Structure formats: C-alpha cells, structure tokens
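Chemist: I have a structure here, written as structure tokens, and I will follow up with some questions on it.
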Amino acid sequence: MHTRNSWQQMWSCLLEQHKPGHGLPREFYNDPEVYAAELDKVWRSGWLFAGHVCEVSEPGDYFTFAVGADPVVVLRDDDGTIRAFHNVCTHRGTLLCQQTQGRVGRAIVCPYHQWTFSRNGNLLACRGMHEGVDKSALGLQGIRVETVAGMIYVSLAENPADFRPVREVLAAALPHNFERAKVARAIDYEIHANWKIVWENNRECYHCDVNHPQYVKANFDNAEAEQNTAARRQALAEAAARSEARWAAEGVSVTHKRGGLALFPDAEHDIWYSASRTVLADGYESESMDGRRVAPLLGNFTSPDVGVLRLRTLPNFWNHTSCDHAVTTRLLPAGQRLTHARVTWLVDRDACEGHDYHLEQLLPFWQQTSEQDWQLCDMVQRGVDSTAYRPGPLSKLWEYNVEAFIAWYLRRMSS
Amino acid sequence: MHTRNSWQQMWSCLLEQHKPGHGLPREFYNDPEVYAAELDKVWRSGWLFAGHVCEVSEPGDYFTFAVGADPVVVLRDDDGTIRAFHNVCTHRGTLLCQQTQGRVGRAIVCPYHQWTFSRNGNLLACRGMHEGVDKSALGLQGIRVETVAGMIYVSLAENPADFRPVREVLAAALPHNFERAKVARAIDYEIHANWKIVWENNRECYHCDVNHPQYVKANFDNAEAEQNTAARRQALAEAAARSEARWAAEGVSVTHKRGGLALFPDAEHDIWYSASRTVLADGYESESMDGRRVAPLLGNFTSPDVGVLRLRTLPNFWNHTSCDHAVTTRLLPAGQRLTHARVTWLVDRDACEGHDYHLEQLLPFWQQTSEQDWQLCDMVQRGVDSTAYRPGPLSKLWEYNVEAFIAWYLRRMSS
Amino acid sequence: MHTRNSWQQMWSCLLEQHKPGHGLPREFYNDPEVYAAELDKVWRSGWLFAGHVCEVSEPGDYFTFAVGADPVVVLRDDDGTIRAFHNVCTHRGTLLCQQTQGRVGRAIVCPYHQWTFSRNGNLLACRGMHEGVDKSALGLQGIRVETVAGMIYVSLAENPADFRPVREVLAAALPHNFERAKVARAIDYEIHANWKIVWENNRECYHCDVNHPQYVKANFDNAEAEQNTAARRQALAEAAARSEARWAAEGVSVTHKRGGLALFPDAEHDIWYSASRTVLADGYESESMDGRRVAPLLGNFTSPDVGVLRLRTLPNFWNHTSCDHAVTTRLLPAGQRLTHARVTWLVDRDACEGHDYHLEQLLPFWQQTSEQDWQLCDMVQRGVDSTAYRPGPLSKLWEYNVEAFIAWYLRRMSS
C-alpha cells in the first residue's frame, strides 16, 4: 500500500548512497520494500528460465515453481506446445497443480470445485455455475513462453522484451541437443541470502582458488589477464589452438579464449543473456572431479573435445555444459533474505543410470561447487545485515562483472 | 500506530476493488493491516464460542485459548457460575493460567508474585505491595460470558450485541443435553490459511462431491435445488416425511427440508447465528462412516431418528449433532495466514470408552471431513497470495452462502 | 526508513501512556520501531559486557557474538592487547570469523577472497585488487574495548561514555582474579521475551520465595526491609558482624548489609554499573545447592568467608561470584520478543574437572535460577502482548529497582 512517491524518494535516497565501483549498500540486500520493488521490476518484468523441454516430454506433463508468491505451472499441451499459466484457479484462487512435477489428464481439473481447463488454458467446464457465466473470460491467465535449444523461458510481463536476440545467442546450445536429454538428478537448495548476493558470487572467480579447488583445476576462470602467469597464458593458448580444429569438426567454435570470465552482463546495451565456449584444462574432457567423461556424449558429438559451453541469463539462470552432461542452475526469489536454487544435471536420454553413468561420478563437481557458493552467500548476508557494513571497492581485475551486474540491476530498477 | 484516516483510505480502496458476486481481492486474505482491523472489528467485537459447559464441570476447572494475541481463561466460579477473564495478571502482565485445560485451587494465584484473585476475578491478596494500593481497582479484567444449551460464549467487547436472539436460536440444542455430555476427544489443528478462507469453505457444499465422499453419503448438502435430480428430491421428501412424526415424539422438528445448505448468514439483518435440523440419508442414524450409531443416545432420546442438528455462529463456531454424539469446531485467528481450529467430539457423560463407544468409530467421519477441508484451505491461501489472483464469480446455485458471508463480513468491517 | 519526526511523535505518545510507579505499556515490549530505536539508543550507544579475558588467553584467540544484527568479534592481538571489530569484511561484507569461539592464525583471512587483516585490524593484503586501492582506508572497523578485573567490555559507539567510573566500581572483582580463571561451562539460552522483561525480572526478588527455593535459602535478597522479621534482621546482622573481620583479612569488605537488593540503577545520575558484596546465609560458603564449596578457592583467598560479590552493568550483564566460582550472565537482543542469554561458570584455571570440581555440583544453583527466570519471562511476554494488558503498580517495598530500571531506560531513550 505504498505510494509511488514515497518509493521514488526512498529509491533516490538509496541510489545516492551507492558509490561507483563499490558494492551496494545494506538496504539493497534486506529491505522488504526494495525486495517488493525487485519482484515487480526485475522478476515479473523479465524473462525467467523455467526448466528444460525434456522435463515435459509428453502432453500433460507439467512442473511448477513460484516467483516470489506467484505460483506458475508449465505444461505440454495436446499438440505438443509448451505453455505456462498462473497456477491459480480463476474461480476461488485454489492452487491447481499440486506437485512440483506431475502429469495432468486430458484437462486440468481444480481439486476444489472441479472447474476444468483445457491444457491450453480454456475453461471447458464449470458444472454448478449459474447460467450466464462467461466461460471465455475465465480461462487460466497465460504466461508468455519461449523455448530455445531445449530450454523453456517464461515471462510474467504483459509486454516482455523481444526474445529474438536471446534465441540467437542461446542457439549455441543446439549441438548439445538438450531436447534429447533427460534429467539425471535435480537438487533443491535454500540459500539464506538475497538473490543479488548469489549473482555477485556467480559473477567473479576471485573467490575460486581457495573455495573451489576442484573447479579451478578444470577451468581457466581464475586466470584473469593481469593475474595470469606467462606459463598459464601459454597453456591456455595451446589448449585453444589444439582444440580449434577439432571443435570445428564438431560444429562448435571457441568464443572465449582469454582467461577469466566473459564480460556479462552489459548494462549499457541491456544485454542480460550470453553464451560462451571455453577450453578445459589439459587432461579434462568434462567438468568432473578427475576430468574424465561421466556420461555418453551428448548430441551428435563424435569427440569429447568441445570444451565447455556456458550460458547465463538474468535474473535467474546459468548453465555449464560439457561434451557429456549439462548442469543448470535456476534461481527463484523467496524473500529478501531467501533464494531458492535448483541445480539440474542432464545426460543423454538413452544413457542408463548405473551403466552408462553413475551419480557418484556425475554429481560431485557441480554439487560441491554449488554448495561451496551457497555457504559463502549465507556468510555474506550475515555480514551485510550489519549496521556497520560499508560496501568496499570491487576489484577492477576480478570483479568487473560484479560491477556490471550492479549496473544492470540499477538500470532495470530505475526504469 | 496507524492513523484512523489512512486506514479508512485503505479500506475504501479495497472495497472498490470488490466486485459483487465475486470473491474478495487478495489483500483481504494476507494484508497485516486488514488482519489487525479484523481482530478489532470482528473478533474483539463479536460473540465467540469458547467451549462447552461440560469442560468446566467443577468449580475451579478452567480452559484457556487466545484470540489473536489476547489470552483468555474461562473458569467455573465457587457458586457454579462460569466466568471469563483476560488471562493476564494486573500487576506485571504475567500469563495467569498456564495450561490449555486445568483446575485452579480456591483462588487464582499468579505464578510470578503470587497476587491472588478470587475465582470471580477480585484481587484478594497482593502481599508485598505498599500500603495504599487500591485492590478493588486491580481485579482481573472480566470478559462477558453467556451460556446456552451447554455452550459457552464470550465477548471481549465492552458492549457486545444482545445475546437473547442467539440464545433462542441455539436452544435448539437443548434436547441433546450438552450439559450432560463429556469430551471424548479434542484435536487441535493449524490451518495455514486466513480465517475467512475457512469460512468460505464451510459455507458451500459445491466442493463436497469429490472432496468429502464419506460426507455426501450421509447428507443432502450437495443436493442444491437446481442441481437436484427428481429421484434425489423424492428421497429427501420421503425421508423428511417419514421422520417428521417420529421426530415430534422426540421433541424436535425438521427445519430444513430442502437439499443444499440453509441460508446463513444474513448480512442485511446482521444474523450471525443459526440452527437447523435436517434428515440424514436412508440408512444413516448418525454422522458416522457406515451410518450406524457410534455412542449411546444423547439427552432423553428414545429413538435415533432425530436427523442432524447443525449450529453455527460467526465468526468462530459450527457444530453437527447426531442422536448420539456432537462435533464442535472452534476457530481462532492466529495471523493473517494462520487459523487455529479445535474439533471436539462430545458423547453422553456416562458413556464408557471402549465399551459404549470406540474412538476409531466415533472420530473418522468428522476428522476426515475436517482434514480434507483444511488441506483445501491451505491450497486456496497459496493461490490467493499470487499477485495474479483475480477473484472469480461465485455460483448463485451453490455459493450463495459464500456471498452472504462476504456481505456480512464487509458490513461488520465497515461499521 | 522512518523519519525522525514520526519517531519523535510516536515516542512522545508512548511516554504519555506511561504512568509513574507502574510498568511500561505494551508497545514497549513488542513494537518493532521501539526495538529498532533501542538498538540505536541503548545497545549501540552503551558499554556492553562481551566476555571474559580468560576466554581469549592466547594471541589469536577469538569469540564472536551479535548485537541485534551486528556481528562482533573479540580477539587477542599479537602483543596481548584485546581488540574488538565489526566481524564484517571491508570488501564485500562477508562474516570474517565463523565460529562462536576459535583461534585465527597470524592474521584474519576472509574466507571469501582472502583479504588479510592483521590482528589489530589493518588490511595487510588484498591480492587481486587493482592498483591504487588505499589499504589504509580498508582496515576493519574497530570497536572500543575496555577490560577491567578480567572482564571485557565493548562499545559500538563512536564516543561512548567515560569508562573510568565503571572501572573503579568493577575493581571490586579483583580479589577473585577472573584473569586466572577458566570457563568450566557456558550455556546459551533463547528467552522468548523482550530484553527489558529480563531486566525487570532481575531487578526484584519479590518473585523469589516461590520461584527460586534454592536461591532464597542461600541469600537475603528476599529480606526486604519492611517485610523482614526481627529474627531475620538479627540473623543478617549477626552474619555480617561475624564475617566482617574475616573478610577484612581476605581484602574485601561487606558493602550491602541490609536485606533486599542494592539500589540499582540510578537514573538521575545515569549510574548503570554497580558492585556489592553481601553475606550468605548461615551454613552457606558458596552459592551452591547445599552451601558447600564446589571448586577450589579463587584468587588468593585463604578462607571461604568472603560472602558473595554481585556485579551488574546495563544493558547486558550481571555476575554472582562466591569464594570458589563465578557465574556471569550476558544478554543480547535478538528481536523485540527474543533475547539471547549466555550463562558462564568460571573456576580457577588450575582446577581439574572431575577432581577439583564436578559440573553436577557446580551448575545447578544458577542453572536452575536462570531457567526459572527465563520461564517467567516467557510468560510475562505472552501476557503483555495482550491488547488487554494494562501496566499495574510496582511495589515500593520490593520493586523499587524495577522502577529505577524503567526510569534509566526512559532517560536513555529520550536522550
């Protein structure tokens, strides 16, 4: 019940406290009004990664999640189209689909009074209503859906941004054929930190050397230009050169040959989507604990030498895909100090657990990396909650993407 | 610390959003200011069902509960009068009676400093206080009590509504003699839903067919006029006719011979109390799983053919009483999204558990019905919390009482 | 984001509701804005007991706690100085020291990006930062520390009150030599009550007779002047006279010879620190269940006849020290209805558990007394949360210190 004026005043006051090149002030991470505004201006306005096409492979398959307090259901329609709806009955408001993952019959039937909706959201029947009820006005509230390279995006906005540029960029995943993949395992986490703390953690590898020992053995993320040794630069250049010809044969190309992280996001041009492919360290064919493949090759690959593809879209998605498996992280805000994360491992759908792949080999690399990060995020939240917290300077060598994330966020919030 | 003006503005704004014939908008079910106003205008102003006379059968017997954050104790005085007090010491504010159910000695002694109150609330002793303390001004804050047909009502208001019309209506329960009953079992529930969602659920049987299979076998609640088949109307008429003579012999009369729910409440005349007696389905002598009696006859009944008596008073009570047992539901608000419910089963006080009645026969009918409803209420709350929730139309055939409840609520809140 | 004006209005309004000689009105115990103002005007302005010097006996030893949401670390520097810092990295805000009690190596290394701080808070290294970063401006935010007689005090204020008068008063503990003590056991409690309720409980022994049977056998706190029998006064006078000569030999003197509690605090002169030494009851050499000593003598005492020393400082500390052991209570606010308490038992550091002392003899006296009090506080909070709670009169005979506490609190808050 806040007036627009008082929010504008508060926001201006907060913006004034932000020093360029530094982190955000305390209130950005714990104030309930800031969080409410973020739900409006970031989460209900942007495109959100929802899940994978292979999670709803048959008509009637659905999965559910919540954006703040807004329950959403994604399901495959009779004709194979993937659709999304507010998971709320248009009669009395009951939650329609109850499970995290399930299958509806020929229609979606509300458990309360059995109002019955077609899989494309039309109200088919509402037995017991009086005459004159306009069923055409009582269909489910649809949510915009786009799919690209086996990934499902939704937007709760009425007029979301054009998805075409995103589609072009995420097409980089096509050779890995996520559509022909299956979920080997998904793990849900509660991170006791504001969602921006999770992103700021994701946007730099300054913390990797000590916190992610298994990760830095496989990757060059911690090889930022100015920190890099000559030997490391040499190793990276050789790895890239050696791979380039073979990659071309597999239909993919290296796009990020430097050490360190690819520049992302780009606030000035409002670029919130990105894909890049990098080499892995010598001896690594996949992002696994020992570098060996942990599942059959994805797509039509004939060689494991395809490096690692990385995708990310703001505000809620990143993915690392090796030659043999993909790992997706989906974030959802659940409070100013609580973020839900789901980490999902994909392998080829014909791969057989216990035979073609083993969870104890597939999971640890990203399970450990993720859990290490969530623990760091918890500790950052506890510190920024202090009235004594003062945002420090961000490293221009390592944290340029944290600064870019903040710039993007502030631009989105001020729009 | 809200000003009267800003609340009036907010309330007007909310009222404007309510479309007649539709459910209430979102904020009614989750806004903390709306909830605070409800505690004031509904819960601390009206008459609340507290418990049964038989729960405080001896002088000194007490039970406690809380209306929002207000602890209340109900106890039987030395002379047998039932009294209620704010369960708060007039010295430092300590909770006086600690248990949900218990017995005080000759006096109520505060556990903190042993201030001692008579069972009628007078401060008898406060050893240790200086001279000049006016004990007469430090008695317990009394709460208005009325009893009718073995039921105890309290009002936290200074000048509550006249209780006489309620007394007349609830006298319908006299033949069942609740005063000579005893509690066979009470079960406490936490419903994760606003209290109005619980009432809206209670005020229609549109949801019964699918959700309450055991209930609809025994009752005609789901036989709304326009939905009724000729065969069903016939069955109901025959059951009513067959019973009427026999009922008269038992001193009771059928008052609701139609299918569907009795009209309740009546906002226009501010009628928030009601009693009706209906027939049970053929083969049902009691609201039990198989229709058979589950306890000895109540009162002075000589025949089980007394149908089922239903009582309800807003904002917190309903009761179904068969020939042999009574089931009472008491609601208490515990937050904008949390309602406490206590369901209590009464049988004749001379009935012996394991011999005259068995809990596994007595409880299931209403335990299942209640738990089915609470689960539905939880799902409605999750849906109406969505920013995408839009109240839908209420069925004029089935949900007339939901509309009546909303009208009553809005009138009470606007007073 | 409250304006100063609206707070001043609210505070004036609250003050008007307070009747002299009575408890505080409801909002003082549960309003979030009052609590926020208290954090500012009491907790972040005053001196807080942090812990004992013997808890950080070696360089690098640290312990942590939180004042509201402000994490604090206390540690011993290389040169033996005890220092305190906001436990928040000056880079991104991460919590620096993770354990409640631990030891840092030669430096404090942030787990996130390994910014490295000397034990006196200077930023030694921040590898990975760009050139031009002014390390001298990025040291840890220091917190004022004072130690006295083995006790560590901190203040989060920039210009806290002069500590010298406190030092003089608490020097009364020197003969017990806390510096040469060790922690035998510490127990953490969550009290579901506002911190002022805990103090109001502490500031009177009106509740002792019934609630602390073990305590009143050992002490004369419940022997308030006007309530005292001639026999009790006689016993107290004799005990004091008998002890006085012996105490002098041990270098201590009796300072509180009357029954009842010493006067504390003194709002008029803003005295929030106090020490007094009283006799124990006949047959009691120590505050233990049976009065017998439960550990070797502290300090250089040669006789157990040193009565009991009591220390207290507002807003968060009290201590009872017998000849053989000391028991310290430290309070910390954790919400308007939640207070964290840590109770710590000290014995001579050379005492050997299981040989020189046994926890089952050492702990019960104060463990029981504390837990009895916390339970009372829980019940007071539940009562004062009632909208029907009206503050009652305070006994001039027994609760003069509760009134003094309220006066001190109101003065501090209004400053």
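In the structure tokens, the first chain shown is A, the next is B, and so on; residue numbers restart at 1 for each chain, and ligands run from 1 in the order shown.
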With a cut-off of 9 Å, could you pull out the residues of chain C touching chain A and give me the nearest pair of atoms for each, distance in Å to one decimal, using only C-alpha atoms, ordered by chain and ascending number, as JSON lines?

Modeler:
{"residue": "C:Met1", "atom": "CA", "partner": "A:Met10", "partner_atom": "CA", "distance": 7.6}
{"residue": "C:Gly68", "atom": "CA", "partner": "A:Ser386", "partner_atom": "CA", "distance": 8.5}
{"residue": "C:Ala69", "atom": "CA", "partner": "A:Ser386", "partner_atom": "CA", "distance": 5.4}
{"residue": "C:Asp70", "atom": "CA", "partner": "A:Ser386", "partner_atom": "CA", "distance": 4.3}
{"residue": "C:Pro71", "atom": "CA", "partner": "A:Ser386", "partner_atom": "CA", "distance": 6.6}
{"residue": "C:His86", "atom": "CA", "partner": "A:Ala388", "partner_atom": "CA", "distance": 6.8}
{"residue": "C:Asn87", "atom": "CA", "partner": "A:Gly383", "partner_atom": "CA", "distance": 7.3}
{"residue": "C:Val88", "atom": "CA", "partner": "A:Gly383", "partner_atom": "CA", "distance": 5.2}
{"residue": "C:Cys89", "atom": "CA", "partner": "A:Gly383", "partner_atom": "CA", "distance": 7.6}
{"residue": "C:Thr90", "atom": "CA", "partner": "A:Gly392", "partner_atom": "CA", "distance": 5.4}
{"residue": "C:His91", "atom": "CA", "partner": "A:Gly392", "partner_atom": "CA", "distance": 4.2}
{"residue": "C:Arg92", "atom": "CA", "partner": "A:Gly392", "partner_atom": "CA", "distance": 5.8}
{"residue": "C:Gly93", "atom": "CA", "partner": "A:Gly383", "partner_atom": "CA", "distance": 5.0}
{"residue": "C:Thr94", "atom": "CA", "partner": "A:Val380", "partner_atom": "CA", "distance": 4.0}
{"residue": "C:Leu95", "atom": "CA", "partner": "A:Gly383", "partner_atom": "CA", "distance": 4.8}
{"residue": "C:Leu96", "atom": "CA", "partner": "A:Gly383", "partner_atom": "CA", "distance": 8.2}
{"residue": "C:Gln98", "atom": "CA", "partner": "A:Met379", "partner_atom": "CA", "distance": 8.4}
{"residue": "C:Pro111", "atom": "CA", "partner": "A:Asn211", "partner_atom": "CA", "distance": 7.8}
{"residue": "C:Tyr112", "atom": "CA", "partner": "A:His207", "partner_atom": "CA", "distance": 5.6}
{"residue": "C:His113", "atom": "CA", "partner": "A:His207", "partner_atom": "CA", "distance": 4.8}
{"residue": "C:Gln114", "atom": "CA", "partner": "A:His207", "partner_atom": "CA", "distance": 7.9}
{"residue": "C:Gly128", "atom": "CA", "partner": "A:Leu397", "partner_atom": "CA", "distance": 6.7}
{"residue": "C:Met129", "atom": "CA", "partner": "A:Ser395", "partner_atom": "CA", "distance": 4.7}
{"residue": "C:His130", "atom": "CA", "partner": "A:Lys396", "partner_atom": "CA", "distance": 5.7}
{"residue": "C:Val133", "atom": "CA", "partner": "A:Pro393", "partner_atom": "CA", "distance": 7.9}
{"residue": "C:Leu138", "atom": "CA", "partner": "A:Gly392", "partner_atom": "CA", "distance": 7.8}
{"residue": "C:Gln141", "atom": "CA", "partner": "A:Ala388", "partner_atom": "CA", "distance": 7.8}

Chemist: With N, CA, C and O atoms retained, could you export that selection as a short mmCIF file (atom, residue, chain, number, x, y, z; two decimals), in the first residue's frame?

Modeler:
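Contents of part_15.cif, freshly written:
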data_model
loop_
_atom_site.label_atom_id
_atom_site.label_comp_id
_atom_site.auth_asym_id
_atom_site.auth_seq_id
_atom_site.Cartn_x
_atom_site.Cartn_y
_atom_site.Cartn_z
N MET C 1 13.43 3.31 7.37
CA MET C 1 13.21 4.47 6.51
C MET C 1 12.20 5.41 7.18
O MET C 1 11.43 6.09 6.51
N GLY C 68 21.92 -7.41 18.17
CA GLY C 68 20.91 -7.30 17.12
C GLY C 68 21.46 -8.01 15.89
O GLY C 68 21.82 -9.19 15.95
N ALA C 69 21.56 -7.31 14.77
CA ALA C 69 22.09 -7.92 13.54
C ALA C 69 23.57 -7.61 13.34
O ALA C 69 24.11 -7.94 12.29
N ASP C 70 24.22 -7.02 14.33
CA ASP C 70 25.62 -6.60 14.16
C ASP C 70 26.57 -7.64 14.72
O ASP C 70 26.74 -7.75 15.95
N PRO C 71 27.27 -8.39 13.85
CA PRO C 71 28.22 -9.38 14.34
C PRO C 71 29.51 -8.70 14.82
O PRO C 71 30.01 -7.78 14.18
N HIS C 86 33.99 -5.01 14.18
CA HIS C 86 32.82 -5.49 13.47
C HIS C 86 33.29 -6.68 12.63
O HIS C 86 34.25 -6.55 11.86
N ASN C 87 32.62 -7.80 12.79
CA ASN C 87 33.06 -9.06 12.20
C ASN C 87 32.62 -9.15 10.74
O ASN C 87 31.95 -10.12 10.32
N VAL C 88 32.99 -8.15 9.97
CA VAL C 88 32.45 -7.96 8.62
C VAL C 88 33.61 -7.53 7.73
O VAL C 88 34.29 -6.56 8.04
N CYS C 89 33.82 -8.25 6.65
CA CYS C 89 34.93 -7.90 5.76
C CYS C 89 34.66 -6.54 5.11
O CYS C 89 33.53 -6.23 4.72
N THR C 90 35.70 -5.75 4.96
CA THR C 90 35.54 -4.41 4.39
C THR C 90 35.48 -4.45 2.86
O THR C 90 35.36 -3.41 2.22
N HIS C 91 35.55 -5.62 2.31
CA HIS C 91 35.46 -5.78 0.86
C HIS C 91 34.00 -5.99 0.47
O HIS C 91 33.32 -5.05 0.10
N ARG C 92 33.48 -7.17 0.65
CA ARG C 92 32.11 -7.45 0.22
C ARG C 92 31.16 -7.70 1.39
O ARG C 92 29.97 -7.97 1.19
N GLY C 93 31.67 -7.64 2.60
CA GLY C 93 30.78 -7.73 3.76
C GLY C 93 30.69 -9.11 4.40
O GLY C 93 29.90 -9.31 5.34
N THR C 94 31.48 -10.05 3.92
CA THR C 94 31.42 -11.42 4.47
C THR C 94 31.72 -11.46 5.97
O THR C 94 32.56 -10.72 6.46
N LEU C 95 31.02 -12.35 6.65
CA LEU C 95 31.34 -12.64 8.05
C LEU C 95 32.76 -13.19 8.10
O LEU C 95 33.07 -14.18 7.43
N LEU C 96 33.61 -12.61 8.91
CA LEU C 96 35.02 -13.00 8.89
C LEU C 96 35.31 -14.23 9.74
O LEU C 96 35.80 -15.23 9.26
N GLN C 98 34.03 -17.30 11.80
CA GLN C 98 32.79 -18.06 11.66
C GLN C 98 32.32 -18.71 12.95
O GLN C 98 31.13 -18.87 13.16
N PRO C 111 37.29 -15.65 4.42
CA PRO C 111 37.14 -16.90 3.67
C PRO C 111 36.71 -16.68 2.22
O PRO C 111 36.87 -17.59 1.41
N TYR C 112 36.19 -15.50 1.91
CA TYR C 112 35.65 -15.30 0.56
C TYR C 112 36.78 -15.02 -0.44
O TYR C 112 37.01 -15.81 -1.35
N HIS C 113 37.51 -13.92 -0.26
CA HIS C 113 38.55 -13.55 -1.23
C HIS C 113 39.92 -13.40 -0.58
O HIS C 113 40.82 -12.81 -1.17
N GLN C 114 40.00 -13.89 0.66
CA GLN C 114 41.29 -13.92 1.36
C GLN C 114 41.89 -12.55 1.60
O GLN C 114 43.11 -12.42 1.71
N GLY C 128 44.85 -9.38 -5.76
CA GLY C 128 43.80 -9.38 -6.77
C GLY C 128 43.12 -8.04 -6.95
O GLY C 128 42.36 -7.86 -7.89
N MET C 129 43.37 -7.10 -6.00
CA MET C 129 42.77 -5.78 -6.18
C MET C 129 43.65 -4.98 -7.14
O MET C 129 44.86 -5.22 -7.26
N HIS C 130 43.06 -4.05 -7.82
CA HIS C 130 43.80 -3.19 -8.76
C HIS C 130 44.69 -2.23 -7.99
O HIS C 130 44.52 -2.01 -6.79
N VAL C 133 44.25 1.01 -4.80
CA VAL C 133 43.35 0.78 -3.68
C VAL C 133 44.06 1.19 -2.39
O VAL C 133 45.20 0.79 -2.14
N LEU C 138 40.90 0.65 4.47
CA LEU C 138 40.07 -0.56 4.41
C LEU C 138 40.35 -1.52 5.57
O LEU C 138 40.09 -2.72 5.47
N GLN C 141 36.61 -2.24 10.89
CA GLN C 141 36.02 -1.20 11.73
C GLN C 141 36.18 -1.61 13.19
O GLN C 141 35.56 -2.56 13.64
#

Chemist: Neighbours of segment 142-153 of chain B within 8 Å (only C-alpha atoms; same-chain residues fewer than 4 positions away dropped), as a PDB file with N, CA and C atoms, in the first residue's frame?

Modeler:
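The file below, part_11.pdb, is the result:
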ATOM      1  N   TRP B  47     -19.423 -12.042  19.511  1.00  0.00           N
ATOM      2  CA  TRP B  47     -19.517 -13.141  20.459  1.00  0.00           C
ATOM      3  C   TRP B  47     -18.743 -14.332  19.903  1.00  0.00           C
ATOM      4  N   LEU B  48     -17.906 -14.904  20.732  1.00  0.00           N
ATOM      5  CA  LEU B  48     -17.090 -16.029  20.307  1.00  0.00           C
ATOM      6  C   LEU B  48     -17.468 -17.279  21.070  1.00  0.00           C
ATOM      7  N   PHE B  49     -17.635 -18.380  20.368  1.00  0.00           N
ATOM      8  CA  PHE B  49     -17.781 -19.655  21.054  1.00  0.00           C
ATOM      9  C   PHE B  49     -16.460 -19.958  21.740  1.00  0.00           C
ATOM     10  N   ALA B  50     -16.539 -20.316  23.031  1.00  0.00           N
ATOM     11  CA  ALA B  50     -15.313 -20.583  23.797  1.00  0.00           C
ATOM     12  C   ALA B  50     -15.103 -22.075  24.019  1.00  0.00           C
ATOM     13  N   GLY B  51     -16.166 -22.755  24.441  1.00  0.00           N
ATOM     14  CA  GLY B  51     -16.057 -24.180  24.741  1.00  0.00           C
ATOM     15  C   GLY B  51     -17.376 -24.653  25.304  1.00  0.00           C
ATOM     16  N   HIS B  52     -17.353 -25.853  25.851  1.00  0.00           N
ATOM     17  CA  HIS B  52     -18.572 -26.454  26.366  1.00  0.00           C
ATOM     18  C   HIS B  52     -18.620 -26.352  27.884  1.00  0.00           C
ATOM     19  N   VAL B  53     -19.799 -26.186  28.383  1.00  0.00           N
ATOM     20  CA  VAL B  53     -20.021 -26.140  29.827  1.00  0.00           C
ATOM     21  C   VAL B  53     -19.424 -27.377  30.499  1.00  0.00           C
ATOM     22  N   CYS B  54     -19.526 -28.527  29.824  1.00  0.00           N
ATOM     23  CA  CYS B  54     -19.038 -29.761  30.441  1.00  0.00           C
ATOM     24  C   CYS B  54     -17.519 -29.806  30.527  1.00  0.00           C
ATOM     25  N   ILE B  82     -20.103 -19.653  35.410  1.00  0.00           N
ATOM     26  CA  ILE B  82     -18.958 -19.704  34.506  1.00  0.00           C
ATOM     27  C   ILE B  82     -18.540 -18.283  34.176  1.00  0.00           C
ATOM     28  N   ARG B  83     -17.248 -18.014  34.340  1.00  0.00           N
ATOM     29  CA  ARG B  83     -16.717 -16.672  34.148  1.00  0.00           C
ATOM     30  C   ARG B  83     -15.546 -16.720  33.165  1.00  0.00           C
ATOM     31  N   ALA B  84     -15.260 -15.576  32.601  1.00  0.00           N
ATOM     32  CA  ALA B  84     -14.094 -15.491  31.711  1.00  0.00           C
ATOM     33  C   ALA B  84     -13.338 -14.211  32.024  1.00  0.00           C
ATOM     34  N   PHE B  85     -12.010 -14.297  31.904  1.00  0.00           N
ATOM     35  CA  PHE B  85     -11.145 -13.150  32.184  1.00  0.00           C
ATOM     36  C   PHE B  85     -10.040 -13.083  31.145  1.00  0.00           C
ATOM     37  N   HIS B  86      -9.517 -11.883  30.967  1.00  0.00           N
ATOM     38  CA  HIS B  86      -8.233 -11.790  30.280  1.00  0.00           C
ATOM     39  C   HIS B  86      -7.226 -12.489  31.173  1.00  0.00           C
ATOM     40  N   GLY B 121     -12.585 -13.108  40.083  1.00  0.00           N
ATOM     41  CA  GLY B 121     -11.729 -12.083  39.499  1.00  0.00           C
ATOM     42  C   GLY B 121     -11.275 -10.981  40.445  1.00  0.00           C
ATOM     43  N   ALA B 157     -15.811  -7.510  23.912  1.00  0.00           N
ATOM     44  CA  ALA B 157     -16.286  -6.137  23.732  1.00  0.00           C
ATOM     45  C   ALA B 157     -16.856  -5.593  25.031  1.00  0.00           C
ATOM     46  N   PHE B 163     -27.516 -10.815  23.415  1.00  0.00           N
ATOM     47  CA  PHE B 163     -27.348 -12.251  23.205  1.00  0.00           C
ATOM     48  C   PHE B 163     -28.683 -12.991  23.136  1.00  0.00           C
ATOM     49  N   ARG B 167     -29.565 -16.881  21.991  1.00  0.00           N
ATOM     50  CA  ARG B 167     -29.998 -17.869  22.970  1.00  0.00           C
ATOM     51  C   ARG B 167     -31.232 -18.619  22.481  1.00  0.00           C
ATOM     52  N   LEU B 170     -30.127 -21.010  19.576  1.00  0.00           N
ATOM     53  CA  LEU B 170     -29.285 -22.138  19.959  1.00  0.00           C
ATOM     54  C   LEU B 170     -29.985 -23.081  20.944  1.00  0.00           C
ATOM     55  N   ALA B 171     -31.097 -22.637  21.476  1.00  0.00           N
ATOM     56  CA  ALA B 171     -31.878 -23.520  22.343  1.00  0.00           C
ATOM     57  C   ALA B 171     -32.294 -24.797  21.610  1.00  0.00           C
ATOM     58  N   ALA B 173     -30.530 -26.865  20.619  1.00  0.00           N
ATOM     59  CA  ALA B 173     -29.642 -27.955  21.045  1.00  0.00           C
ATOM     60  C   ALA B 173     -30.064 -28.562  22.375  1.00  0.00           C
ATOM     61  N   LEU B 174     -31.007 -27.947  23.062  1.00  0.00           N
ATOM     62  CA  LEU B 174     -31.366 -28.406  24.407  1.00  0.00           C
ATOM     63  C   LEU B 174     -31.707 -29.896  24.484  1.00  0.00           C
ATOM     64  N   ASN B 177     -28.874 -32.135  25.203  1.00  0.00           N
ATOM     65  CA  ASN B 177     -28.312 -32.028  26.556  1.00  0.00           C
ATOM     66  C   ASN B 177     -26.774 -32.079  26.604  1.00  0.00           C
ATOM     67  N   PHE B 178     -26.163 -31.084  26.002  1.00  0.00           N
ATOM     68  CA  PHE B 178     -24.702 -30.991  26.028  1.00  0.00           C
ATOM     69  C   PHE B 178     -24.167 -30.868  27.455  1.00  0.00           C
ATOM     70  N   GLU B 179     -24.995 -30.349  28.334  1.00  0.00           N
ATOM     71  CA  GLU B 179     -24.506 -30.180  29.710  1.00  0.00           C
ATOM     72  C   GLU B 179     -24.227 -31.524  30.358  1.00  0.00           C
TER      73      GLU B 179
END

Chemist: Taking the chain letters and numbering used in this document, name the residues of segment 190-386 of chain C that DSSP puts in alpha helix (DSSP H), as a PyMOL selection string.

Modeler: chain C and resi 195-202+208-211+213-218+230-250+359-362+364-384

Chemist: Near Ala36 of chain B, counting only C-alpha atoms, which residues have an atom at most 12 Å away, once you skip same-chain residues fewer than 6 positions from it, shown as a PyMOL selection string?

Modeler: (chain B and resi 1-2+7+28-30+42-44+67-69+333-336+413) or (chain C and resi 387)

Chemist: So how many Å separate atom CA of Gly307 of chain A and atom CA of Ala326 of chain A, to one decimal?

Modeler: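 Result for atom CA of Gly307 of chain A versus atom CA of Ala326 of chain A: 12.2 Å, one decimal.
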
Chemist: Compare B:Leu15, B:Val402, B:Val343, B:Val198 by their minimum atom-to-atom distance to Ala186 of chain B, counting only C-alpha atoms, and give me the closest one.

Modeler: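 Among B:Leu15, B:Val402, B:Val343, B:Val198, it is B:Val343 that comes nearest to Ala186 of chain B.
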